[in-house]
file my_file_8.csv (CSV, C-alpha atoms and all ligand atoms)
chain,number,residue,atom,x,y,z
C,219,MET,CA,84.5,94.7,96.6
C,220,GLN,CA,87.0,96.7,98.6
C,221,LYS,CA,90.5,96.4,97.2
C,222,LEU,CA,93.5,96.3,99.6
C,223,LEU,CA,97.1,97.1,98.9
C,224,MET,CA,99.6,96.6,101.7
C,225,ASP,CA,102.9,98.4,102.0
C,226,VAL,CA,105.0,96.4,104.5
C,227,ASP,CA,108.4,95.9,106.0
C,228,THR,CA,107.9,92.3,106.9
C,229,GLY,CA,108.6,92.1,110.1
C,230,ILE,CA,106.9,89.6,112.4
C,231,ASP,CA,103.7,91.5,113.1
C,232,ASP,CA,103.6,92.6,109.4
C,233,ALA,CA,103.7,88.8,108.6
C,234,LEU,CA,100.7,88.3,110.9
C,235,ALA,CA,99.0,91.2,109.3
C,236,ILE,CA,99.5,89.8,105.8
C,237,ALA,CA,98.1,86.4,106.8
C,238,TYR,CA,95.1,88.1,108.4
C,239,ALA,CA,94.5,90.3,105.4
C,240,ALA,CA,94.6,87.3,103.0
C,241,SER,CA,91.8,85.7,105.1
C,242,ILE,CA,89.2,88.4,105.2
C,243,PRO,CA,86.6,87.6,102.6
C,244,HIS,CA,85.1,91.0,101.9
C,245,MET,CA,88.5,92.5,100.9
C,246,GLU,CA,90.6,91.6,97.9
C,247,LEU,CA,94.3,91.8,98.5
C,248,VAL,CA,95.5,93.1,95.1
C,249,GLY,CA,99.2,93.4,95.8
C,250,ILE,CA,101.9,94.1,98.4
C,251,THR,CA,104.7,96.6,98.2
C,252,THR,CA,107.7,96.2,100.4
C,253,THR,CA,110.2,98.5,102.0
C,254,TYR,CA,113.3,98.3,104.2
C,255,GLY,CA,112.4,98.8,107.9
C,256,MET,CA,112.9,96.0,110.3
C,257,ALA,CA,115.4,94.4,107.9
C,258,PRO,CA,116.8,95.4,104.4
C,259,VAL,CA,114.2,95.5,101.6
C,260,ASP,CA,115.3,92.2,100.0
C,261,TYR,CA,114.4,90.5,103.3
C,262,SER,CA,111.0,92.2,103.5
C,263,TYR,CA,110.4,91.1,99.9
C,264,ARG,CA,111.4,87.5,100.5
C,265,ASN,CA,109.6,87.3,103.9
C,266,THR,CA,106.4,88.6,102.3
C,267,ARG,CA,106.5,86.0,99.6
C,268,LYS,CA,107.1,83.3,102.2
C,269,ILE,CA,104.1,84.4,104.3
C,270,LEU,CA,101.9,84.4,101.2
C,271,GLU,CA,103.1,80.8,100.6
C,272,TYR,CA,102.2,79.8,104.2
C,273,ALA,CA,98.7,81.4,103.7
C,274,GLY,CA,98.3,79.7,100.3
C,275,VAL,CA,97.5,82.8,98.3
C,276,ASP,CA,99.1,84.2,95.2
C,277,VAL,CA,99.5,88.0,95.3
C,278,PRO,CA,102.0,90.1,93.4
C,279,VAL,CA,104.8,91.5,95.5
C,280,PHE,CA,106.9,94.6,94.7
C,281,ARG,CA,110.3,95.7,96.0
C,282,GLY,CA,110.6,99.4,97.0
C,283,ALA,CA,112.7,101.8,99.0
C,284,GLU,CA,116.1,100.7,100.2
C,285,LYS,CA,116.6,103.5,102.7
C,286,PRO,CA,114.9,106.6,104.2
C,287,LEU,CA,114.5,109.7,102.0
C,288,GLN,CA,117.4,111.5,103.8
C,289,ARG,CA,118.8,109.4,106.5
C,290,THR,CA,120.6,106.1,107.0
C,291,ARG,CA,119.1,103.0,108.6
C,292,GLU,CA,120.9,100.5,110.8
C,293,TYR,CA,119.3,97.2,111.8
C,294,SER,CA,119.4,95.8,115.3
C,295,GLY,CA,117.4,92.7,114.8
C,296,ARG,CA,116.3,92.9,118.5
C,297,ILE,CA,112.6,92.6,118.0
C,298,HIS,CA,112.2,90.9,114.6
C,299,GLY,CA,115.5,89.1,114.2
C,300,THR,CA,118.2,89.9,111.6
C,301,ASP,CA,116.1,88.3,108.9
C,302,GLY,CA,113.0,90.2,110.0
C,303,LEU,CA,111.2,86.9,110.9
C,304,GLY,CA,112.8,86.0,114.2
C,305,ASN,CA,115.8,84.3,112.4
C,306,THR,CA,113.5,81.5,111.1
C,307,LEU,CA,114.3,82.0,107.5
C,308,GLY,CA,118.0,83.1,107.6
C,309,PRO,CA,119.9,85.0,104.8
C,310,VAL,CA,118.3,86.1,101.6
C,311,THR,CA,119.4,84.1,98.5
C,312,GLU,CA,117.1,85.4,95.8
C,313,VAL,CA,117.1,89.1,94.9
C,314,ALA,CA,114.1,90.2,92.9
C,315,SER,CA,113.8,92.7,90.2
C,316,THR,CA,110.3,94.1,90.0
C,317,GLN,CA,108.4,97.3,89.1
C,318,HIS,CA,109.3,99.8,91.8
C,319,ALA,CA,106.8,99.7,94.7
C,320,ALA,CA,106.1,103.5,94.4
C,321,ASP,CA,105.2,103.1,90.7
C,322,TYR,CA,102.9,100.1,91.5
C,323,LEU,CA,101.2,102.2,94.2
C,324,ILE,CA,100.5,105.0,91.8
C,325,GLU,CA,99.3,102.5,89.1
C,326,GLN,CA,96.9,100.8,91.6
C,327,VAL,CA,95.4,104.1,92.8
C,328,TYR,CA,94.6,105.0,89.2
C,329,LYS,CA,93.2,101.6,88.6
C,330,HIS,CA,90.9,101.3,91.6
C,331,GLU,CA,90.5,104.9,92.9
C,332,ALA,CA,88.0,105.1,95.7
C,333,ALA,CA,87.7,101.3,96.0
C,334,LEU,CA,91.3,101.1,97.1
C,335,THR,CA,92.5,101.1,100.7
C,336,ILE,CA,96.2,101.2,101.3
C,337,VAL,CA,97.4,99.7,104.6
C,338,ALA,CA,100.9,100.9,105.4
C,339,THR,CA,102.7,99.0,108.2
C,340,GLY,CA,106.3,100.1,107.8
C,341,PRO,CA,108.3,103.3,107.3
C,342,LEU,CA,106.4,105.6,104.9
C,343,THR,CA,109.1,105.9,102.3
C,344,ASN,CA,107.3,104.2,99.4
C,345,LEU,CA,104.2,106.2,100.0
C,346,ALA,CA,106.1,109.4,100.2
C,347,MET,CA,107.9,108.6,96.9
C,348,ALA,CA,104.5,107.9,95.3
C,349,ILE,CA,103.1,111.2,96.6
C,350,ARG,CA,106.1,113.1,95.4
C,351,LYS,CA,105.9,111.6,91.9
C,352,ALA,CA,102.1,111.8,91.6
C,353,PRO,CA,100.6,114.2,94.2
C,354,GLU,CA,97.1,113.8,92.6
C,355,ILE,CA,96.7,110.3,93.9
C,356,ALA,CA,96.0,111.9,97.3
C,357,GLY,CA,92.6,113.0,96.0
C,358,LEU,CA,91.8,109.7,94.2
C,359,VAL,CA,92.5,106.9,96.7
C,360,GLY,CA,89.7,105.6,99.0
C,361,SER,CA,91.7,105.6,102.2
C,362,VAL,CA,95.1,105.0,103.7
C,363,VAL,CA,95.4,103.2,107.0
C,364,ILE,CA,98.8,103.8,108.6
C,365,MET,CA,100.2,101.9,111.5
C,366,GLY,CA,102.4,104.5,113.0
C,367,GLY,CA,102.8,107.3,115.6
C,368,ALA,CA,101.5,107.9,119.0
C,369,VAL,CA,99.5,110.9,120.1
C,370,MET,CA,98.4,110.3,123.6
C,371,THR,CA,101.0,107.7,124.7
C,372,PRO,CA,104.8,107.6,124.7
C,373,GLY,CA,106.8,106.3,121.8
C,374,ASN,CA,108.4,102.9,121.5
C,375,VAL,CA,111.8,104.0,120.1
C,376,THR,CA,112.2,107.3,122.0
C,377,LYS,CA,109.9,108.7,124.6
C,378,PHE,CA,108.2,110.6,121.8
C,379,ALA,CA,108.5,108.5,118.7
C,380,GLU,CA,107.1,105.3,117.3
C,381,ALA,CA,109.3,103.2,115.0
C,382,ASN,CA,107.7,103.5,111.6
C,383,ILE,CA,107.7,107.3,111.9
C,384,ILE,CA,111.2,107.9,113.4
C,385,ILE,CA,112.9,105.6,110.9
C,386,ASP,CA,111.9,108.0,108.1
C,387,PRO,CA,110.5,111.1,109.7
C,388,GLU,CA,110.8,113.2,106.5
C,389,ALA,CA,108.7,110.6,104.6
C,390,ALA,CA,106.1,110.6,107.4
C,391,SER,CA,106.0,114.3,107.5
C,392,LEU,CA,105.4,114.4,103.7
C,393,VAL,CA,102.6,111.8,103.9
C,394,PHE,CA,100.8,113.4,106.9
C,395,GLY,CA,101.3,116.8,105.4
C,396,SER,CA,99.5,115.7,102.2
C,397,SER,CA,95.8,115.6,101.7
C,398,LEU,CA,95.6,111.8,101.8
C,399,PRO,CA,92.6,110.5,103.7
C,400,ILE,CA,94.5,108.8,106.5
C,401,THR,CA,93.4,106.7,109.5
C,402,MET,CA,96.2,106.7,112.0
C,403,VAL,CA,96.4,103.4,113.9
C,404,GLY,CA,99.1,104.4,116.5
C,405,LEU,CA,100.5,103.0,119.7
C,406,ASP,CA,97.5,104.6,121.4
C,407,VAL,CA,95.4,101.7,120.3
C,408,THR,CA,97.9,99.0,119.1
C,409,ARG,CA,99.3,98.6,122.6
C,410,LYS,CA,95.8,97.4,123.7
C,411,THR,CA,95.8,94.4,121.3
C,412,LEU,CA,98.1,91.9,122.8
C,413,LEU,CA,99.0,88.3,121.8
C,414,THR,CA,100.1,86.1,124.7
C,415,ALA,CA,102.2,83.0,125.2
C,416,ARG,CA,99.1,80.9,125.5
C,417,ASP,CA,98.0,82.1,122.0
C,418,VAL,CA,101.3,81.0,120.4
C,419,GLU,CA,101.1,77.7,122.2
C,420,ARG,CA,97.7,77.1,120.8
C,421,TRP,CA,99.1,77.8,117.2
C,422,ARG,CA,102.1,75.5,117.9
C,423,GLU,CA,100.0,72.7,119.2
C,424,GLY,CA,97.0,73.1,116.9
C,425,ARG,CA,96.4,71.5,113.6
C,426,ASN,CA,96.0,74.6,111.5
C,427,HIS,CA,98.9,74.8,109.0
C,428,LEU,CA,99.0,78.7,109.0
C,429,GLY,CA,99.1,79.0,112.8
C,430,LYS,CA,101.8,76.3,113.0
C,431,SER,CA,103.9,78.1,110.4
C,432,LEU,CA,103.6,81.5,112.2
C,433,ALA,CA,104.3,80.2,115.7
C,434,PRO,CA,108.1,80.1,115.6
C,435,CYS,CA,108.6,83.7,114.5
C,436,THR,CA,105.8,84.9,116.8
C,437,GLN,CA,107.5,83.2,119.7
C,438,PHE,CA,110.6,85.3,118.9
C,439,TYR,CA,108.6,88.5,118.9
C,440,LEU,CA,106.9,87.5,122.1
C,441,ASP,CA,110.2,86.8,123.8
C,442,ALA,CA,111.6,90.2,122.6
C,443,TYR,CA,108.6,91.9,124.0
C,444,LYS,CA,109.0,90.1,127.3
C,445,GLU,CA,112.5,91.5,127.6
C,446,LEU,CA,111.9,95.0,126.3
C,447,HIS,CA,108.3,95.8,127.4
C,448,PRO,CA,107.6,93.4,130.3
C,449,TYR,CA,104.7,95.6,131.6
C,450,LEU,CA,102.6,94.7,128.5
C,451,GLN,CA,102.3,90.9,129.3
C,452,GLY,CA,102.2,90.0,125.6
C,453,CYS,CA,103.3,91.3,122.2
C,454,ALA,CA,101.4,94.1,120.4
C,455,LEU,CA,99.5,93.3,117.3
C,456,HIS,CA,100.4,96.7,115.7
C,457,ASP,CA,100.2,95.8,112.1
C,458,PRO,CA,97.3,93.3,112.2
C,459,LEU,CA,95.2,96.0,113.9
C,460,ALA,CA,95.7,98.3,110.9
C,461,VAL,CA,94.3,95.6,108.7
C,462,GLY,CA,91.4,95.1,111.2
C,463,VAL,CA,90.6,98.8,111.1
C,464,ALA,CA,90.7,98.8,107.2
C,465,ALA,CA,88.3,95.8,107.2
C,466,TYR,CA,86.0,96.9,110.1
C,467,PRO,CA,86.3,100.6,110.7
C,468,ASP,CA,83.8,100.4,113.6
C,469,LEU,CA,86.4,98.6,115.7
C,470,VAL,CA,87.9,102.0,116.6
C,471,GLN,CA,86.8,105.4,117.7
C,472,THR,CA,88.6,108.3,116.0
C,473,VAL,CA,89.2,112.0,116.3
C,474,PRO,CA,89.8,114.1,113.2
C,475,MET,CA,93.1,116.0,113.3
C,476,PHE,CA,95.9,117.3,111.2
C,477,ILE,CA,99.0,115.5,112.2
C,478,LYS,CA,102.5,117.1,112.4
C,479,VAL,CA,105.6,115.0,112.4
C,480,ASP,CA,108.4,116.6,114.4
C,481,LEU,CA,111.7,116.9,112.5
C,482,GLU,CA,113.6,118.8,115.2
C,483,GLU,CA,116.2,116.5,116.8
C,484,ASP,CA,114.9,117.0,120.4
C,485,ALA,CA,111.5,115.4,119.5
C,486,LEU,CA,112.3,113.7,116.3
C,487,GLY,CA,109.4,111.6,115.0
C,488,ARG,CA,106.8,112.8,117.5
C,489,THR,CA,103.3,112.9,116.1
C,490,THR,CA,101.1,115.7,117.5
C,491,GLU,CA,98.1,117.7,116.5
C,492,ASP,CA,99.1,120.3,113.9
C,493,ILE,CA,97.2,123.3,115.3
C,494,HIS,CA,99.0,125.7,113.0
C,495,ARG,CA,98.3,124.2,109.6
C,496,GLU,CA,97.3,127.1,107.4
C,497,GLY,CA,94.5,127.4,104.8
C,498,SER,CA,93.7,123.8,105.5
C,499,GLY,CA,90.0,123.2,105.7
C,500,GLN,CA,88.8,119.9,107.3
C,501,PRO,CA,91.4,117.7,109.0
C,502,THR,CA,92.5,114.8,106.7
C,503,THR,CA,93.6,112.4,109.4
C,504,LYS,CA,91.4,110.4,111.7
C,505,VAL,CA,93.4,109.4,114.8
C,506,CYS,CA,92.3,106.2,116.5
C,507,VAL,CA,91.8,106.8,120.2
C,508,GLN,CA,89.9,103.7,121.4
C,509,VAL,CA,89.7,100.1,120.1
C,510,ASP,CA,87.3,97.3,120.8
C,511,ALA,CA,90.2,95.0,121.4
C,512,ASP,CA,88.1,91.9,122.2
C,513,THR,CA,86.2,91.9,119.0
C,514,PHE,CA,89.4,92.4,117.0
C,515,MET,CA,91.3,89.7,118.8
C,516,GLN,CA,88.4,87.3,118.3
C,517,ASP,CA,88.3,87.9,114.6
C,518,PHE,CA,92.0,87.7,114.2
C,519,PHE,CA,92.3,84.3,116.0
C,520,GLN,CA,89.2,82.9,114.2
C,521,ARG,CA,90.8,83.7,110.9
C,522,ILE,CA,94.3,82.5,111.7
C,523,GLY,CA,94.1,79.1,113.2
B,601,LIG,C1,105.9,99.1,114.2
B,601,LIG,O1,107.3,98.9,114.1
B,601,LIG,C2,107.6,97.5,113.8
B,601,LIG,O2,108.3,97.0,114.8
B,601,LIG,C3,106.3,96.8,113.7
B,601,LIG,O3,106.3,95.9,112.6
B,601,LIG,C4,105.2,97.9,113.5
B,601,LIG,O4,104.9,98.2,112.2
B,601,LIG,C5,105.5,99.3,115.6
B,601,LIG,O5,106.1,100.4,116.2
B,602,CA,CA,105.8,96.8,110.4
call {"tool": "encode", "arguments": {"input": "my_file_8.csv", "output": "structure tokens"}}
result
Amino acid sequence: MQKLLMDVDTGIDDALAIAYAASIPHMELVGITTTYGMAPVDYSYRNTRKILEYAGVDVPVFRGAEKPLQRTREYSGRIHGTDGLGNTLGPVTEVASTQHAADYLIEQVYKHEAALTIVATGPLTNLAMAIRKAPEIAGLVGSVVIMGGAVMTPGNVTKFAEANIIIDPEAASLVFGSSLPITMVGLDVTRKTLLTARDVERWREGRNHLGKSLAPCTQFYLDAYKELHPYLQGCALHDPLAVGVAAYPDLVQTVPMFIKVDLEEDALGRTTEDIHREGSGQPTTKVCVQVDADTFMQDFFQRIG
């Protein structure tokens, strides 16, 4: 059976992605590593455990990076709330001490090798730390599905850059510069999978426990999108789509490419085709350019409420 490890910064759409992943029968969710991102890492850790509780599954969770490799991180709370889950859970009271996420990632690659798919839906710091420590895992792991970047469309933080990439561009550069077998699920496709007010209403009013639990934070996310990205008419299911692509690769059409992450300030975090990579052989990244949004949305809503 396909083994799935998620690396998350939970985050409202990460929460939806975790709930979705836990419900897909042909994938075994072996563990979840957490990082700072939309909120500090203790929040991501606590939020992840809470979502697993809502979903009624018991999966080990690991605490990872507290900050980007070289930069600092400030949190606005605008899209995900100051607690990462739309201010539905409030401050963190319990602080966990676990094996570091990067070490767990390395261990799991060695354990499952080609059977393992890693789905990363936050800044790529944990993955970069793992690659730095054990570069050989790039040749062992089955695949790495990354929600991040934008090749053909504008960014969502700057006109060039997507959030997960620009938060830790050095980590993203290291990851995309490695020989990891990556599928890049960027804004090019995630902006086409939208959850609407009607969907949240159905969860809120329905009888499904999971849908009911996820409705309040999803409403916050939807409201934030309405204010910040009104042209979209819904909120983007960025992170759930990465899980969908891991589970059903045929949902997307991809183009093989080497990806370069810009580190110059004028285009920081931009992801473009790396046409100058030397001595490089076949491209290691598959960039998703089209998605069968209807099939994905149907599966997502069938599994969650
Ligand atoms: C990404 O940034 C976060 O807001 C989301 O959880 C997603 O992983 C989208 O740019
Ligand atoms: Ca995320």
call {"tool": "residues_near_ligand", "arguments": {"input": "my_file_8.csv", "ligand": "ligand CA 602 (chain B)", "cutoff": "6 Å", "atoms": "only C-alpha atoms and all ligand atoms", "output": "list in words"}}
result
Val226, Asp227, Gly229, Asp232, Thr339, Gly340 and Asp457 of chain C
call {"tool": "atom_distance", "arguments": {"input": "my_file_8.csv", "atom1": "atom CA of C:Glu325", "atom2": "atom CA of C:Gly404"}}
result
27.5 Å
call {"tool": "closest_residue", "arguments": {"input": "my_file_8.csv", "among": "C:Ser361, C:Ser241, C:Thr228, C:Ser397", "to": "C:Gly499", "atoms": "only C-alpha atoms"}}
result
C:Ser397
call {"tool": "residues_around", "arguments": {"input": "my_file_8.csv", "residues": "C:Ser391", "least_positions_apart": "2", "cutoff": "9 Å", "atoms": "only C-alpha atoms", "output": "ChimeraX atom specification"}}
result
/C:346,383,386-389,393-396,477-481,487
call {"tool": "atom_distance", "arguments": {"input": "my_file_8.csv", "atom1": "atom CA of C:Glu271", "atom2": "atom CA of C:Gly299"}}
result
20.2 Å
call {"tool": "residues_near_ligand", "arguments": {"input": "my_file_8.csv", "ligand": "ligand LIG 601 (chain B)", "cutoff": "9 Å", "atoms": "only C-alpha atoms and all ligand atoms", "output": "PyMOL selection string"}}
result
chain C and resi 226-233+255-256+297-298+338-341+365-367+373-375+379-383+404-405+408+454-457
call {"tool": "atom_distance", "arguments": {"input": "my_file_8.csv", "atom1": "atom CA of C:Thr306", "atom2": "atom CA of C:Thr343"}}
result
26.3 Å
call {"tool": "closest_residue", "arguments": {"input": "my_file_8.csv", "among": "C:Ile355, C:Val509, C:Ala415, C:Ala348", "to": "C:Asp468", "atoms": "only C-alpha atoms"}}
result
C:Val509
call {"tool": "closest_residue", "arguments": {"input": "my_file_8.csv", "among": "C:Phe519, C:Asp512, C:His330, C:Met224", "to": "C:Asn426", "atoms": "only C-alpha atoms"}}
result
C:Phe519
call {"tool": "closest_residue", "arguments": {"input": "my_file_8.csv", "among": "C:Pro243, C:Gly360, C:Gly304, C:Pro372", "to": "C:Thr490", "atoms": "all atoms listed in the file"}}
result
C:Pro372
